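With compact mmCIF, C-alpha atoms and all ligand atoms inside, this is work.txt:
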# COMPACT_ATOMS: atom_id res chain seq x y z
CA MET A 1 35.96 -47.38 2.86
CA GLU A 2 35.41 -46.11 -0.67
CA ARG A 3 37.02 -43.00 -2.20
CA ILE A 4 35.80 -40.84 -5.05
CA VAL A 5 38.22 -38.20 -6.29
CA PHE A 6 36.80 -34.97 -7.68
CA ASN A 7 39.23 -33.22 -9.97
CA SER A 8 38.04 -30.55 -12.37
CA ASP A 9 39.94 -29.25 -15.40
CA GLY A 10 40.09 -25.81 -13.80
CA LYS A 11 41.92 -27.37 -10.81
CA SER A 12 40.00 -25.10 -8.46
CA MET A 13 38.17 -28.17 -7.27
CA GLN A 14 40.21 -31.13 -6.09
CA TYR A 15 38.99 -33.18 -3.18
CA GLU A 16 38.03 -36.64 -2.04
CA MET A 17 34.73 -38.03 -0.95
CA LEU A 18 35.08 -40.87 1.56
CA ILE A 19 32.18 -43.28 1.97
CA GLY A 20 32.11 -45.61 4.97
CA THR A 21 29.66 -47.01 7.47
CA SER A 22 30.98 -45.86 10.83
CA LEU A 23 32.45 -42.66 12.24
CA ASN A 24 35.51 -44.51 13.58
CA GLU A 25 36.79 -45.03 10.05
CA PHE A 26 37.36 -41.35 9.34
CA GLY A 27 39.37 -39.95 12.28
CA ILE A 28 42.84 -40.01 10.74
CA GLU A 29 41.60 -38.73 7.38
CA LEU A 30 39.88 -35.79 9.09
CA CYS A 31 43.00 -34.85 11.05
CA ARG A 32 44.98 -34.46 7.81
CA PHE A 33 42.82 -31.43 7.01
CA LEU A 34 42.92 -29.77 10.42
CA PRO A 35 46.34 -28.08 10.60
CA CYS A 36 45.40 -25.82 13.54
CA GLY A 37 44.58 -28.74 15.83
CA ARG A 38 41.03 -27.50 16.16
CA VAL A 39 37.85 -27.38 14.13
CA PHE A 40 34.76 -25.17 14.02
CA VAL A 41 31.69 -27.42 13.73
CA LEU A 42 28.41 -26.13 12.32
CA THR A 43 25.29 -28.22 12.76
CA ASP A 44 21.53 -27.84 13.19
CA SER A 45 19.11 -28.29 16.07
CA ASN A 46 17.95 -31.74 14.89
CA VAL A 47 21.38 -33.15 14.11
CA ALA A 48 23.18 -31.80 17.20
CA PRO A 49 21.46 -34.05 19.76
CA LEU A 50 22.00 -37.06 17.50
CA PHE A 51 25.62 -36.76 16.38
CA LEU A 52 27.46 -33.70 17.69
CA GLU A 53 28.84 -35.43 20.77
CA ASP A 54 29.96 -38.52 18.83
CA VAL A 55 31.68 -36.44 16.16
CA SER A 56 33.32 -34.22 18.79
CA ALA A 57 34.53 -37.26 20.74
CA ALA A 58 35.95 -38.86 17.59
CA LEU A 59 37.92 -35.68 16.87
CA ARG A 60 39.04 -35.14 20.47
CA ALA A 61 40.43 -38.67 20.46
CA PHE A 62 42.95 -37.36 17.92
CA GLY A 63 43.77 -34.27 20.00
CA ILE A 64 41.55 -31.93 17.98
CA ASP A 65 39.73 -29.14 19.87
CA VAL A 66 36.12 -28.70 18.87
CA LEU A 67 34.15 -25.45 18.88
CA SER A 68 30.52 -25.85 17.83
CA LEU A 69 27.57 -23.77 16.70
CA VAL A 70 24.03 -25.14 16.53
CA VAL A 71 21.60 -23.24 14.29
CA SER A 72 17.85 -23.79 13.90
CA ALA A 73 17.04 -26.59 11.46
CA GLY A 74 15.06 -26.14 8.26
CA GLU A 75 15.07 -24.52 4.84
CA GLU A 76 13.44 -21.39 6.28
CA ASN A 77 16.71 -20.76 8.13
CA LYS A 78 18.86 -21.04 5.00
CA ARG A 79 19.27 -17.28 4.82
CA LEU A 80 21.76 -14.48 5.22
CA GLU A 81 20.89 -13.85 8.87
CA THR A 82 22.03 -17.39 9.75
CA VAL A 83 25.20 -16.91 7.71
CA GLN A 84 25.89 -13.80 9.80
CA SER A 85 25.64 -15.89 12.96
CA ILE A 86 28.10 -18.42 11.48
CA LEU A 87 30.53 -15.62 10.60
CA ALA A 88 30.19 -14.20 14.11
CA PHE A 89 30.91 -17.66 15.55
CA LEU A 90 34.12 -17.89 13.50
CA LEU A 91 35.19 -14.37 14.38
CA LYS A 92 34.48 -14.86 18.08
CA GLY A 93 36.63 -17.99 18.03
CA ASN A 94 39.45 -16.02 16.34
CA ALA A 95 39.32 -18.31 13.32
CA SER A 96 42.24 -17.61 11.01
CA ARG A 97 42.47 -18.41 7.31
CA SER A 98 44.03 -21.75 8.26
CA ASP A 99 41.06 -22.80 10.35
CA VAL A 100 38.43 -25.17 9.02
CA LEU A 101 34.64 -25.25 9.25
CA LEU A 102 33.09 -28.70 9.43
CA CYS A 103 29.47 -28.78 8.22
CA LEU A 104 27.62 -31.60 9.98
CA GLY A 105 24.09 -31.86 8.62
CA GLY A 106 21.91 -32.01 5.56
CA GLY A 107 21.96 -29.90 2.43
CA VAL A 108 20.88 -26.77 4.28
CA ILE A 109 23.87 -26.87 6.65
CA GLY A 110 26.23 -27.77 3.79
CA ASP A 111 25.01 -24.98 1.51
CA MET A 112 24.99 -22.36 4.25
CA GLY A 113 28.23 -23.39 5.94
CA GLY A 114 30.00 -23.68 2.60
CA PHE A 115 28.88 -20.16 1.72
CA ALA A 116 30.02 -18.77 5.09
CA ALA A 117 33.39 -20.51 4.57
CA SER A 118 33.68 -18.97 1.11
CA VAL A 119 33.37 -15.40 2.40
CA TYR A 120 34.96 -15.55 5.87
CA MET A 121 38.37 -13.82 5.57
CA ARG A 122 37.92 -14.15 1.78
CA GLY A 123 37.66 -17.90 2.03
CA ILE A 124 38.59 -20.67 4.44
CA ASN A 125 38.49 -24.44 4.00
CA PHE A 126 35.45 -26.47 4.91
CA ILE A 127 34.74 -30.16 5.33
CA ALA A 128 31.32 -31.54 4.45
CA MET A 129 29.92 -34.25 6.68
CA PRO A 130 26.46 -34.88 5.23
CA THR A 131 23.81 -36.57 7.36
CA THR A 132 20.91 -36.85 4.88
CA LEU A 133 20.43 -38.85 1.72
CA ILE A 134 20.32 -35.62 -0.32
CA GLY A 135 23.52 -34.47 1.34
CA MET A 136 25.33 -37.74 0.62
CA THR A 137 24.12 -38.24 -2.93
CA ASP A 138 24.10 -34.68 -4.14
CA SER A 139 24.52 -31.45 -2.19
CA SER A 140 27.87 -32.13 -0.51
CA VAL A 141 29.70 -32.49 -3.81
CA GLY A 142 30.05 -30.08 -6.71
CA GLY A 143 31.00 -26.90 -4.87
CA LYS A 144 27.72 -24.99 -5.06
CA THR A 145 27.01 -23.09 -1.83
CA GLY A 146 24.43 -20.47 -0.96
CA VAL A 147 21.28 -19.30 0.73
CA ASP A 148 17.75 -18.33 -0.23
CA PHE A 149 17.08 -14.60 -0.55
CA CYS A 150 13.86 -12.61 -0.94
CA GLY A 151 11.93 -15.85 -1.48
CA VAL A 152 14.23 -17.01 -4.28
CA LYS A 153 16.03 -20.35 -3.82
CA ASN A 154 19.82 -20.14 -3.71
CA ALA A 155 19.72 -16.53 -4.94
CA VAL A 156 22.95 -15.66 -3.10
CA GLY A 157 25.90 -18.00 -3.18
CA SER A 158 29.29 -18.96 -4.49
CA PHE A 159 31.29 -21.82 -5.91
CA HIS A 160 33.45 -23.08 -3.08
CA ALA A 161 34.30 -26.77 -2.96
CA PRO A 162 34.95 -28.60 0.31
CA VAL A 163 38.46 -29.92 0.98
CA LEU A 164 36.98 -33.26 2.05
CA VAL A 165 33.57 -34.94 2.08
CA VAL A 166 32.99 -37.57 4.75
CA CYS A 167 29.96 -39.75 4.15
CA CYS A 168 29.13 -41.92 7.13
CA THR A 169 26.13 -44.04 6.19
CA ASP A 170 25.37 -44.83 9.85
CA PHE A 171 23.95 -41.29 10.03
CA LEU A 172 21.08 -42.33 7.78
CA LYS A 173 19.70 -44.67 10.45
CA THR A 174 17.97 -41.79 12.25
CA LEU A 175 16.65 -40.04 9.14
CA PRO A 176 12.84 -39.73 9.17
CA LEU A 177 11.02 -41.59 6.38
CA ARG A 178 9.91 -38.33 4.80
CA GLU A 179 13.53 -37.19 4.47
CA LEU A 180 14.50 -40.53 2.93
CA HIS A 181 11.71 -40.07 0.39
CA SER A 182 12.96 -36.56 -0.23
CA GLY A 183 16.37 -38.04 -1.02
CA ILE A 184 14.76 -40.36 -3.52
CA GLY A 185 13.46 -37.26 -5.37
CA GLU A 186 17.07 -36.36 -6.25
CA ILE A 187 18.00 -39.99 -6.87
CA ILE A 188 15.21 -40.31 -9.47
CA LYS A 189 17.00 -37.48 -11.28
CA TYR A 190 20.19 -39.56 -11.36
CA ALA A 191 18.23 -42.61 -12.50
CA VAL A 192 16.85 -40.63 -15.45
CA ILE A 193 20.28 -39.20 -16.31
CA GLY A 194 22.46 -42.17 -15.44
CA GLY A 195 20.42 -45.17 -16.51
CA ASP A 196 19.72 -48.65 -15.13
CA SER A 197 22.56 -48.82 -12.61
CA ILE A 198 20.70 -46.56 -10.18
CA LEU A 199 17.34 -48.27 -10.69
CA ASN A 200 18.91 -51.67 -9.95
CA LEU A 201 20.48 -50.38 -6.74
CA LEU A 202 17.20 -48.82 -5.60
CA GLN A 203 15.57 -52.23 -5.75
CA GLY A 204 18.08 -53.47 -3.18
CA GLY A 205 17.04 -50.98 -0.47
CA ILE A 206 18.29 -47.53 0.44
CA ILE A 207 19.39 -47.17 4.04
CA ASN A 208 23.14 -47.64 4.48
CA ASN A 209 23.48 -48.36 0.82
CA ALA A 210 26.95 -46.98 0.17
CA ALA A 211 26.79 -48.33 -3.36
CA LEU A 212 23.84 -46.09 -4.15
CA ILE A 213 25.59 -43.00 -2.78
CA SER A 214 28.72 -43.87 -4.69
CA ALA A 215 26.82 -44.47 -7.95
CA CYS A 216 24.99 -41.11 -7.70
CA CYS A 217 28.18 -39.22 -6.89
CA GLU A 218 30.04 -40.89 -9.76
CA ILE A 219 27.36 -39.56 -12.13
CA LYS A 220 27.57 -36.09 -10.60
CA ARG A 221 31.38 -36.19 -10.67
CA LYS A 222 31.46 -36.61 -14.45
CA PHE A 223 29.28 -33.54 -15.00
CA VAL A 224 30.97 -31.23 -12.50
CA GLU A 225 34.47 -32.17 -13.62
CA GLU A 226 33.57 -31.22 -17.16
CA ASP A 227 31.69 -28.06 -16.28
CA GLU A 228 32.62 -26.91 -12.77
CA PHE A 229 30.87 -23.53 -12.99
CA ASP A 230 27.58 -24.72 -14.48
CA ASN A 231 27.81 -23.01 -17.84
CA GLY A 232 27.01 -25.99 -20.03
CA VAL A 233 26.69 -29.74 -19.60
CA ARG A 234 26.36 -29.57 -15.80
CA ARG A 235 22.93 -28.01 -16.27
CA ILE A 236 21.64 -31.50 -17.03
CA LEU A 237 21.91 -32.06 -13.26
CA ASN A 238 19.24 -29.38 -12.82
CA LEU A 239 16.67 -31.80 -14.20
CA GLY A 240 13.46 -31.34 -12.21
CA HIS A 241 14.80 -28.20 -10.51
CA THR A 242 13.26 -25.45 -12.68
CA PHE A 243 9.74 -26.29 -11.58
CA GLY A 244 11.00 -27.90 -8.37
CA HIS A 245 12.37 -24.62 -7.02
CA VAL A 246 9.11 -22.86 -7.88
CA PHE A 247 7.03 -25.58 -6.15
CA GLU A 248 9.29 -25.36 -3.11
CA ALA A 249 8.99 -21.56 -2.86
CA VAL A 250 5.24 -21.39 -3.60
CA SER A 251 4.59 -24.03 -0.91
CA ARG A 252 6.61 -21.78 1.45
CA PHE A 253 8.94 -24.74 1.92
CA SER A 254 6.24 -27.05 3.26
CA LEU A 255 7.35 -29.27 0.36
CA SER A 256 10.88 -30.51 0.96
CA HIS A 257 13.56 -29.95 -1.67
CA GLY A 258 13.57 -33.57 -2.83
CA GLU A 259 9.78 -33.77 -2.94
CA ALA A 260 9.68 -30.62 -5.08
CA VAL A 261 12.42 -31.91 -7.41
CA GLY A 262 10.58 -35.24 -7.76
CA LEU A 263 7.44 -33.37 -8.77
CA GLY A 264 9.47 -31.11 -11.07
N1 LIG B 1 24.62 -27.46 -3.27
C1 LIG B 1 24.03 -28.36 -4.03
O1 LIG B 1 24.58 -28.80 -5.06
C2 LIG B 1 22.69 -28.89 -3.63
C3 LIG B 1 22.15 -30.03 -4.27
C4 LIG B 1 20.93 -30.52 -3.83
C5 LIG B 1 20.26 -29.90 -2.78
N2 LIG B 1 20.79 -28.78 -2.21
C6 LIG B 1 20.10 -28.11 -1.10
O2 LIG B 1 19.99 -29.03 -0.02
C7 LIG B 1 18.84 -28.70 0.76
C8 LIG B 1 18.04 -29.96 0.98
O3 LIG B 1 18.84 -30.90 1.66
P1 LIG B 1 18.28 -31.80 2.85
O4 LIG B 1 17.08 -32.51 2.40
O5 LIG B 1 19.44 -32.56 3.38
O6 LIG B 1 17.76 -30.69 3.88
P2 LIG B 1 18.03 -30.37 5.43
O7 LIG B 1 19.43 -30.04 5.66
O8 LIG B 1 17.01 -29.36 5.79
O9 LIG B 1 17.72 -31.75 6.17
C9 LIG B 1 16.40 -32.23 6.22
C10 LIG B 1 15.92 -32.43 7.68
O10 LIG B 1 16.53 -33.59 8.21
C11 LIG B 1 17.16 -33.29 9.46
N3 LIG B 1 18.28 -34.21 9.56
C12 LIG B 1 19.46 -34.13 8.92
N4 LIG B 1 20.17 -35.25 9.12
C13 LIG B 1 19.44 -36.04 9.93
C14 LIG B 1 19.63 -37.34 10.47
N5 LIG B 1 20.70 -38.08 10.17
N6 LIG B 1 18.67 -37.85 11.27
C15 LIG B 1 17.54 -37.13 11.54
N7 LIG B 1 17.28 -35.93 11.03
C16 LIG B 1 18.23 -35.38 10.23
C17 LIG B 1 17.50 -31.83 9.37
O11 LIG B 1 17.63 -31.24 10.64
C18 LIG B 1 16.29 -31.29 8.61
O12 LIG B 1 15.22 -31.08 9.51
C19 LIG B 1 18.08 -27.63 -0.02
O13 LIG B 1 18.32 -26.37 0.55
C20 LIG B 1 18.69 -27.70 -1.41
O14 LIG B 1 18.60 -26.47 -2.09
C21 LIG B 1 22.00 -28.29 -2.60

Write out the structure in this file as structure tokens.
Ligand SMILES: NC(=O)c1ccc[n+]([C@@H]2O[C@H](COP(=O)([O-])OP(=O)(O)OC[C@H]3O[C@@H](n4cnc5c(N)ncnc54)[C@H](O)[C@@H]3O)[C@@H](O)[C@H]2O)c1
Amino acid sequence: MERIVFNSDGKSMQYEMLIGTSLNEFGIELCRFLPCGRVFVLTDSNVAPLFLEDVSAALRAFGIDVLSLVVSAGEENKRLETVQSILAFLLKGNASRSDVLLCLGGGVIGDMGGFAASVYMRGINFIAMPTTLIGMTDSSVGGKTGVDFCGVKNAVGSFHAPVLVVCCTDFLKTLPLRELHSGIGEIIKYAVIGGDSILNLLQGGIINNAALISACCEIKRKFVEEDEFDNGVRRILNLGHTFGHVFEAVSRFSLSHGEAVGLG
């Protein structure tokens, strides 16, 4: 298992990203961050039938109780109404400030769950467990959370870093080809910014390629550690996003995020 440590100057963001192939590798590490002996899991309607039971079983094996909420999949659901349902789920389960939300899904679940965690009781911890290539190479790290609002991408959000990112590359096995291509849209960005290392890795194949995920996140790490709140050098990571966000919105999200960024 590989570890990348994120550690910004401001010290508001200190966490590890773990990259491994199988869910079994992460149990003990996850437990370290679940002081209440339970976890609130947020996932979407596509990911739940694939992985929710396996993740729950892996946690229960360590004596962790699992409460779960499944929301409708898709960018069109990355909005405040869904955040309200996440907050209601936490409240109904009597989540305290010591409880933890685990976001199991792609960038939409990570962004939305991270935002809900940032505002529930003025902020609780969350763990990111990305299941898409975009989630593993980009959206789960860096601490940007949020939702779309009034047709504007990520118009409402916060900086709230996860306490742990668990990247299980086995999850990529079920990812539809279109979503893999979408991930490549963001990876092209890293190839432009980060040079030949990414291009060489791309030639070796993508699925289960922990080295590719690690290389992308190492590039992102350098930018976010230097400029956690996106006031300067981190903006380089927005390459392709200015037009990309417009393309995504104008297409009413029929273009995926990665496709739009690739075009941008
Ligand atoms: N916070 C950040 O820094 C950051 C960075 C990049 C992108 N983003 C955001 O991430 C989102 C895009 O991420 P995404 O492409 O992961 O979107 P997504 O979460 O919508 O996932 C794409 C689709 O794949 C499905 N899916 C997820 N995992 C699967 C799996 N393992 N097998 C089968 N299907 C699976 C989902 O249900 C969804 O239908 C956008 O909202 C974008 O704004 C955020």

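Using only C-alpha atoms, the smallest distance between any of A:Gly142, A:Gly63, A:Gly74, A:Pro35 and Arg97 (chain A) comes from A:Pro35.
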
What are the nearest atom pairs, with distances in Å to one decimal, for all residues of chain A that come at most 8 Å from ligand LIG 1 (chain B), using only C-alpha atoms and all ligand atoms, set out by chain and rising residue number as a tab-separated table?
residue	atom	partner	partner_atom	distance
A:Asp44	CA	B:LIG1	O11	5.8
A:Ser45	CA	B:LIG1	O11	6.4
A:Asn46	CA	B:LIG1	O11	4.3
A:Val47	CA	B:LIG1	C13	5.4
A:Leu50	CA	B:LIG1	N6	7.1
A:Ala73	CA	B:LIG1	O11	4.8
A:Gly74	CA	B:LIG1	O8	4.5
A:Glu75	CA	B:LIG1	O8	5.3
A:Lys78	CA	B:LIG1	O13	7.0
A:Gly105	CA	B:LIG1	C12	5.2
A:Gly106	CA	B:LIG1	O7	3.2
A:Gly107	CA	B:LIG1	O2	3.3
A:Val108	CA	B:LIG1	O7	3.8
A:Ile109	CA	B:LIG1	O7	5.5
A:Gly110	CA	B:LIG1	N1	7.2
A:Asp111	CA	B:LIG1	N1	5.4
A:Pro130	CA	B:LIG1	N4	7.4
A:Thr131	CA	B:LIG1	N4	4.3
A:Thr132	CA	B:LIG1	N4	4.6
A:Leu133	CA	B:LIG1	O5	6.6
A:Ile134	CA	B:LIG1	O5	4.9
A:Gly135	CA	B:LIG1	O5	4.9
A:Asp138	CA	B:LIG1	C3	5.0
A:Ser139	CA	B:LIG1	C3	3.5
A:Ser140	CA	B:LIG1	N1	6.3
A:Val141	CA	B:LIG1	O1	6.4
A:Gly142	CA	B:LIG1	O1	5.9
A:Gly143	CA	B:LIG1	N1	6.6
A:Lys144	CA	B:LIG1	N1	4.3
A:Thr145	CA	B:LIG1	N1	5.2
A:Gly146	CA	B:LIG1	N1	7.4
A:Val147	CA	B:LIG1	O13	7.7
A:Lys153	CA	B:LIG1	O14	6.9
A:Asn154	CA	B:LIG1	O14	6.6
A:Phe171	CA	B:LIG1	N5	4.6
A:Leu172	CA	B:LIG1	N5	4.9
A:Lys173	CA	B:LIG1	N5	6.7
A:Thr174	CA	B:LIG1	N6	4.1
A:Leu175	CA	B:LIG1	N6	3.7
A:Pro176	CA	B:LIG1	C15	5.9
A:Glu179	CA	B:LIG1	C9	6.0
A:Ser182	CA	B:LIG1	O4	6.3
A:Gly183	CA	B:LIG1	O4	6.5
A:Glu186	CA	B:LIG1	C4	7.4
A:Ser256	CA	B:LIG1	O4	6.7
A:His257	CA	B:LIG1	C8	5.2
A:Gly258	CA	B:LIG1	O4	6.4

Subject >> Selection near His160 (chain A), 12 Å with only C-alpha atoms, sequence-local residues under 4 positions removed, as number ranges by chain >> reply: A: 12-15, 110-120, 122-128, 140-146, 164, 228-229

**OP:** Tell me, as an NGL selection string, which residues lie within 9 Å of region 21-29 of chain A, counting all atoms listed in the file; anything in the same chain fewer than 2 positions away does not count.
**Re:** :A and (1 or 18-19 or 31-33 or 54-55 or 58-59 or 61-62 or 164 or 166-171 or 208 or 210)

Store the residues picked out above in a file with C-alpha atoms, as a CSV table (one decimal), in the frame of the given file.
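Listing of selection_31.csv after writing:
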chain,number,residue,atom,x,y,z
A,1,MET,CA,36.0,-47.4,2.9
A,18,LEU,CA,35.1,-40.9,1.6
A,19,ILE,CA,32.2,-43.3,2.0
A,31,CYS,CA,43.0,-34.8,11.0
A,32,ARG,CA,45.0,-34.5,7.8
A,33,PHE,CA,42.8,-31.4,7.0
A,54,ASP,CA,30.0,-38.5,18.8
A,55,VAL,CA,31.7,-36.4,16.2
A,58,ALA,CA,36.0,-38.9,17.6
A,59,LEU,CA,37.9,-35.7,16.9
A,61,ALA,CA,40.4,-38.7,20.5
A,62,PHE,CA,43.0,-37.4,17.9
A,164,LEU,CA,37.0,-33.3,2.0
A,166,VAL,CA,33.0,-37.6,4.8
A,167,CYS,CA,30.0,-39.8,4.2
A,168,CYS,CA,29.1,-41.9,7.1
A,169,THR,CA,26.1,-44.0,6.2
A,170,ASP,CA,25.4,-44.8,9.8
A,171,PHE,CA,24.0,-41.3,10.0
A,208,ASN,CA,23.1,-47.6,4.5
A,210,ALA,CA,27.0,-47.0,0.2

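Computed from the coordinates, the CA of Leu177 (chain A) to CA of Thr137 (chain A) distance equals 16.4 Å.
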
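Surrounding region 234-241 of chain A within 10 Å are Asp138, Gly142, Gly185, Glu186, Ile188, Lys189, Tyr190, Val192, Ile193, Ile219, Lys220, Arg221, Lys222, Phe223, Val224, Glu225, Glu226, Asp227, Glu228, Phe247, Glu248, His257, Gly258, Ala260, Val261, Gly262, Leu263 and Gly264 of chain A, with only C-alpha atoms counted and residues fewer than 6 positions along the same chain left out.
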
**OP:** Tell me, as a PyMOL selection string, which residues lie within 7 Å of region 196-204 of chain A, counting only C-alpha atoms; anything in the same chain fewer than 4 positions away does not count.
**Re:** chain A and resi 191+212+215

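Of note, CA of Leu101 (chain A) and CA of Gly20 (chain A) are spaced 21.0 Å apart.
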
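Nearest residue to Ser214 (chain A) among A:Ile187, A:Gly244, A:Val70, A:Arg79 is A:Ile187, counting only C-alpha atoms.
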
**OP:** Quick one: everything within 9 Å of Phe40 (chain A), counting only C-alpha atoms, minus sequence neighbours fewer than 4 positions away in the same chain. Send it as an MDAnalysis selection string.
**Re:** chainID A and resid 65:69 89:90 93 95 99:103

Subject >> Nearest to Val83 (chain A), chosen from A:Asp148, A:Glu218, A:Glu259, A:Glu16, with only C-alpha atoms counted in the distances >> reply: A:Asp148

**OP:** Report the distance between CA of Gly157 (chain A) and CA of Leu42 (chain A) in Å, rounded to one decimal place.
**Re:** 17.7 Å

Enclose region 107-121 of chain A, meaning all of its atoms listed in the file, in a box aligned along x, y and z, pad it by 4 Å on each side, and list the centre and edge lengths in Å to one decimal, as JSON.
{"center_x": 29.6, "center_y": -21.9, "center_z": 3.9, "size_x": 25.5, "size_y": 24.1, "size_z": 13.5}

Original post:
Which is closest to Glu81 (chain A) among A:Phe149, A:Val250, A:Ile213, A:Ile64, if we use all atoms listed in the file?
Top reply: A:Phe149

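Of the listed residues (A:Val156, A:Met17, A:Ser96, A:Gly232), A:Ser96 comes nearest to Met121 (chain A); the distances count all atoms listed in the file.
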